[in-house]
Amino acid sequence: MSRVVRRCTLFGFAVLLLCSPLFGQSALPASPPTTFHISGTIIGGYSLAVIFDGPSSKTVMTNEAGVYEANLPLGLWTMTVVAHGPDGKIFTNDVRYRRPPFRVTEPINFAFDISLPQSILCTLIVLGADGGPATQEEQDHAHAWCAGEEFFPVPSDGVPFEVHVWGGSKFAACSVVSNHSLGCRRAFATYNTLSVQADDITYDPYRTILEAHGNVVAQDESGERKASAMTFYVHDGKAILMRQDR
């Protein structure tokens, strides 16, 4: 009888040895997402392509309503809106909008709507500082002023972040009384992942303070906020909300 008991005991011990790795095994942790989703609507143009340059390069077309979307790897990106032909050919020299560098470090759904800067009825003959041909930088500066755009560098850890402000009736392209486009009725600004639109926006490059007044709509990776007025302190790649008036 003891031999039977010993044999059963040994058999049970063998089963436990065989089964213990199965009970101890756990599922491998899932890899965290390494992409983010960006989408939005572009107002003020048609037949547009959106070019994203960063860790890789990707081009997407807008649909008939001006909507675009893309899935992109996390990292530092720029965004350029250009025209494209009916055959899908992309005209990289016909730039309608350029968003300065923005950095996304989390797998989020990022919304960014664009009202294109307006440059109609604004033609400039640009000369260089010495009266000769203008440099590319001087031509770009004149075009930006004509389109109602201003760029202010606010670098951070070597990243060329910029505050970009455009729109509103105070700019050259919007000085014509008959120009009632959205780009002239509203002012817009971006910094890193922050985008703001309001009735009026001002930026103080010395204090790095961005102020928006009148029907303010702000979007960033945390979502959308609305208020009658907002004040942001921009620094080190961050836009810190200092004041918000309901």
# chains A, B, ... in the order shown; residues from 1 in each chain; ligands from 1
call {"tool": "residues_around", "arguments": {"residues": "range 187-203 of chain A", "least_positions_apart": "4", "cutoff": "9 Å", "atoms": "only C-alpha atoms", "output": "MDAnalysis selection string"}}
result
chainID A and resid 99:104 110 112:115 152 154 161:169 182:183 207:221 228:229 234 237:239
call {"tool": "residues_around", "arguments": {"residues": "Asn63 in chain A", "least_positions_apart": "2", "cutoff": "12 Å", "atoms": "only C-alpha atoms", "output": "PyMOL selection string"}}
result
chain A and resi 39-43+45-50+60-61+65-69
call {"tool": "atom_distance", "arguments": {"atom1": "CA of Ile90 in chain A", "atom2": "CA of Ile51 in chain A"}}
result
9.8 Å
call {"tool": "residues_around", "arguments": {"residues": "Leu74 in chain A", "least_positions_apart": "6", "cutoff": "12 Å", "atoms": "only C-alpha atoms", "output": "list in words"}}
result
Pro32, Pro33, Thr34, Thr35, Phe36, His37, Ile38, Asp53, Gly54, Pro55, Ser56, Phe102, Arg103, Val104, Thr105, Glu106, Pro107, Ile108, Asn109 and Phe110 of chain A
call {"tool": "write_last_selection", "arguments": {"atoms": "N, CA, C and O atoms", "output": "tab-separated table (two decimals), in the first residue's frame"}}
result
chain	number	residue	atom	x	y	z
A	32	PRO	N	3.26	50.36	-26.19
A	32	PRO	CA	2.49	51.61	-26.21
A	32	PRO	C	2.42	52.16	-27.63
A	32	PRO	O	3.34	51.99	-28.43
A	33	PRO	N	1.31	52.84	-27.97
A	33	PRO	CA	1.18	53.42	-29.31
A	33	PRO	C	2.29	54.43	-29.58
A	33	PRO	O	2.73	55.14	-28.68
A	34	THR	N	2.75	54.47	-30.80
A	34	THR	CA	3.84	55.39	-31.17
A	34	THR	C	3.41	56.38	-32.23
A	34	THR	O	4.25	56.99	-32.88
A	35	THR	N	2.10	56.53	-32.44
A	35	THR	CA	1.60	57.47	-33.44
A	35	THR	C	0.53	58.36	-32.82
A	35	THR	O	-0.03	58.05	-31.76
A	36	PHE	N	0.24	59.47	-33.47
A	36	PHE	CA	-0.87	60.33	-33.10
A	36	PHE	C	-1.71	60.62	-34.33
A	36	PHE	O	-1.26	60.43	-35.47
A	37	HIS	N	-2.93	61.07	-34.09
A	37	HIS	CA	-3.86	61.35	-35.19
A	37	HIS	C	-4.11	62.85	-35.25
A	37	HIS	O	-4.44	63.47	-34.24
A	38	ILE	N	-3.95	63.44	-36.41
A	38	ILE	CA	-4.22	64.86	-36.60
A	38	ILE	C	-5.27	65.02	-37.69
A	38	ILE	O	-5.24	64.31	-38.71
A	53	ASP	N	6.22	67.02	-42.58
A	53	ASP	CA	7.64	66.64	-42.57
A	53	ASP	C	8.11	66.54	-41.13
A	53	ASP	O	7.89	67.46	-40.33
A	54	GLY	N	8.75	65.41	-40.81
A	54	GLY	CA	9.24	65.19	-39.46
A	54	GLY	C	10.10	63.95	-39.42
A	54	GLY	O	11.02	63.81	-40.22
A	55	PRO	N	9.80	63.01	-38.51
A	55	PRO	CA	10.53	61.75	-38.51
A	55	PRO	C	10.42	61.00	-39.84
A	55	PRO	O	11.25	60.17	-40.18
A	56	SER	N	9.35	61.31	-40.58
A	56	SER	CA	9.15	60.80	-41.93
A	56	SER	C	8.42	61.90	-42.69
A	56	SER	O	8.28	63.02	-42.19
A	102	PHE	N	6.00	71.88	-34.57
A	102	PHE	CA	5.23	71.50	-33.39
A	102	PHE	C	5.63	70.08	-33.02
A	102	PHE	O	5.95	69.26	-33.87
A	103	ARG	N	5.62	69.80	-31.71
A	103	ARG	CA	6.11	68.52	-31.22
A	103	ARG	C	4.99	67.79	-30.47
A	103	ARG	O	4.38	68.35	-29.56
A	104	VAL	N	4.75	66.55	-30.85
A	104	VAL	CA	3.74	65.70	-30.20
A	104	VAL	C	4.47	64.52	-29.58
A	104	VAL	O	5.19	63.80	-30.27
A	105	THR	N	4.29	64.33	-28.28
A	105	THR	CA	5.01	63.28	-27.56
A	105	THR	C	4.10	62.20	-27.00
A	105	THR	O	4.57	61.25	-26.40
A	106	GLU	N	2.78	62.34	-27.19
A	106	GLU	CA	1.84	61.35	-26.69
A	106	GLU	C	0.88	60.94	-27.80
A	106	GLU	O	0.59	61.73	-28.70
A	107	PRO	N	0.38	59.70	-27.75
A	107	PRO	CA	-0.56	59.22	-28.79
A	107	PRO	C	-1.95	59.82	-28.60
A	107	PRO	O	-2.83	59.24	-27.96
A	108	ILE	N	-2.17	61.01	-29.14
A	108	ILE	CA	-3.41	61.75	-28.93
A	108	ILE	C	-4.13	61.95	-30.26
A	108	ILE	O	-3.59	61.69	-31.34
A	109	ASN	N	-5.38	62.40	-30.16
A	109	ASN	CA	-6.12	62.89	-31.32
A	109	ASN	C	-6.01	64.40	-31.32
A	109	ASN	O	-6.50	65.07	-30.41
A	110	PHE	N	-5.36	64.94	-32.31
A	110	PHE	CA	-4.98	66.34	-32.35
A	110	PHE	C	-5.79	67.05	-33.44
A	110	PHE	O	-5.70	66.68	-34.61
call {"tool": "closest_residue", "arguments": {"among": "A:Val81, A:Pro117, A:Met242, A:Phe52", "to": "Arg185 in chain A", "atoms": "only C-alpha atoms"}}
result
A:Pro117
call {"tool": "atom_distance", "arguments": {"atom1": "CA of Lys89 in chain A", "atom2": "CA of Glu64 in chain A"}}
result
16.6 Å
call {"tool": "atom_distance", "arguments": {"atom1": "CA of Leu116 in chain A", "atom2": "CA of Arg98 in chain A"}}
result
9.6 Å
call {"tool": "residues_around", "arguments": {"residues": "Asn93 in chain A", "least_positions_apart": "2", "cutoff": "12 Å", "atoms": "only C-alpha atoms", "output": "ChimeraX atom specification"}}
result
/A:80-84,89-91,95-97
call {"tool": "write_last_selection", "arguments": {"atoms": "N, CA, C and O atoms", "output": "short mmCIF file (atom, residue, chain, number, x, y, z; two decimals), in the first residue's frame"}}
result
data_model
loop_
_atom_site.label_atom_id
_atom_site.label_comp_id
_atom_site.auth_asym_id
_atom_site.auth_seq_id
_atom_site.Cartn_x
_atom_site.Cartn_y
_atom_site.Cartn_z
N THR A 80 2.71 71.97 -44.07
CA THR A 80 2.64 72.92 -45.18
C THR A 80 1.44 72.59 -46.05
O THR A 80 1.23 71.43 -46.41
N VAL A 81 0.65 73.62 -46.36
CA VAL A 81 -0.51 73.45 -47.24
C VAL A 81 -0.17 74.02 -48.60
O VAL A 81 0.23 75.18 -48.71
N VAL A 82 -0.31 73.20 -49.63
CA VAL A 82 0.01 73.61 -51.00
C VAL A 82 -1.17 73.26 -51.91
O VAL A 82 -2.09 72.54 -51.52
N ALA A 83 -1.11 73.78 -53.13
CA ALA A 83 -2.16 73.48 -54.11
C ALA A 83 -1.83 72.18 -54.84
O ALA A 83 -0.68 71.76 -54.92
N HIS A 84 -2.87 71.55 -55.37
CA HIS A 84 -2.66 70.41 -56.26
C HIS A 84 -3.63 70.48 -57.43
O HIS A 84 -4.71 71.08 -57.34
N LYS A 89 -1.40 66.20 -59.17
CA LYS A 89 -0.04 66.72 -59.11
C LYS A 89 0.06 67.79 -58.04
O LYS A 89 -0.77 68.68 -57.96
N ILE A 90 1.09 67.70 -57.21
CA ILE A 90 1.25 68.63 -56.09
C ILE A 90 2.21 69.74 -56.48
O ILE A 90 3.31 69.48 -56.98
N PHE A 91 1.80 70.99 -56.25
CA PHE A 91 2.62 72.15 -56.58
C PHE A 91 3.28 72.66 -55.29
O PHE A 91 2.72 73.50 -54.58
N VAL A 95 2.70 77.59 -52.07
CA VAL A 95 2.44 77.39 -50.64
C VAL A 95 1.33 78.32 -50.18
O VAL A 95 1.40 79.53 -50.37
N ARG A 96 0.30 77.74 -49.56
CA ARG A 96 -0.82 78.53 -49.05
C ARG A 96 -0.72 78.77 -47.54
O ARG A 96 -1.30 79.72 -47.02
N TYR A 97 0.00 77.88 -46.86
CA TYR A 97 0.12 78.01 -45.41
C TYR A 97 1.30 77.17 -44.94
O TYR A 97 1.56 76.09 -45.49
#
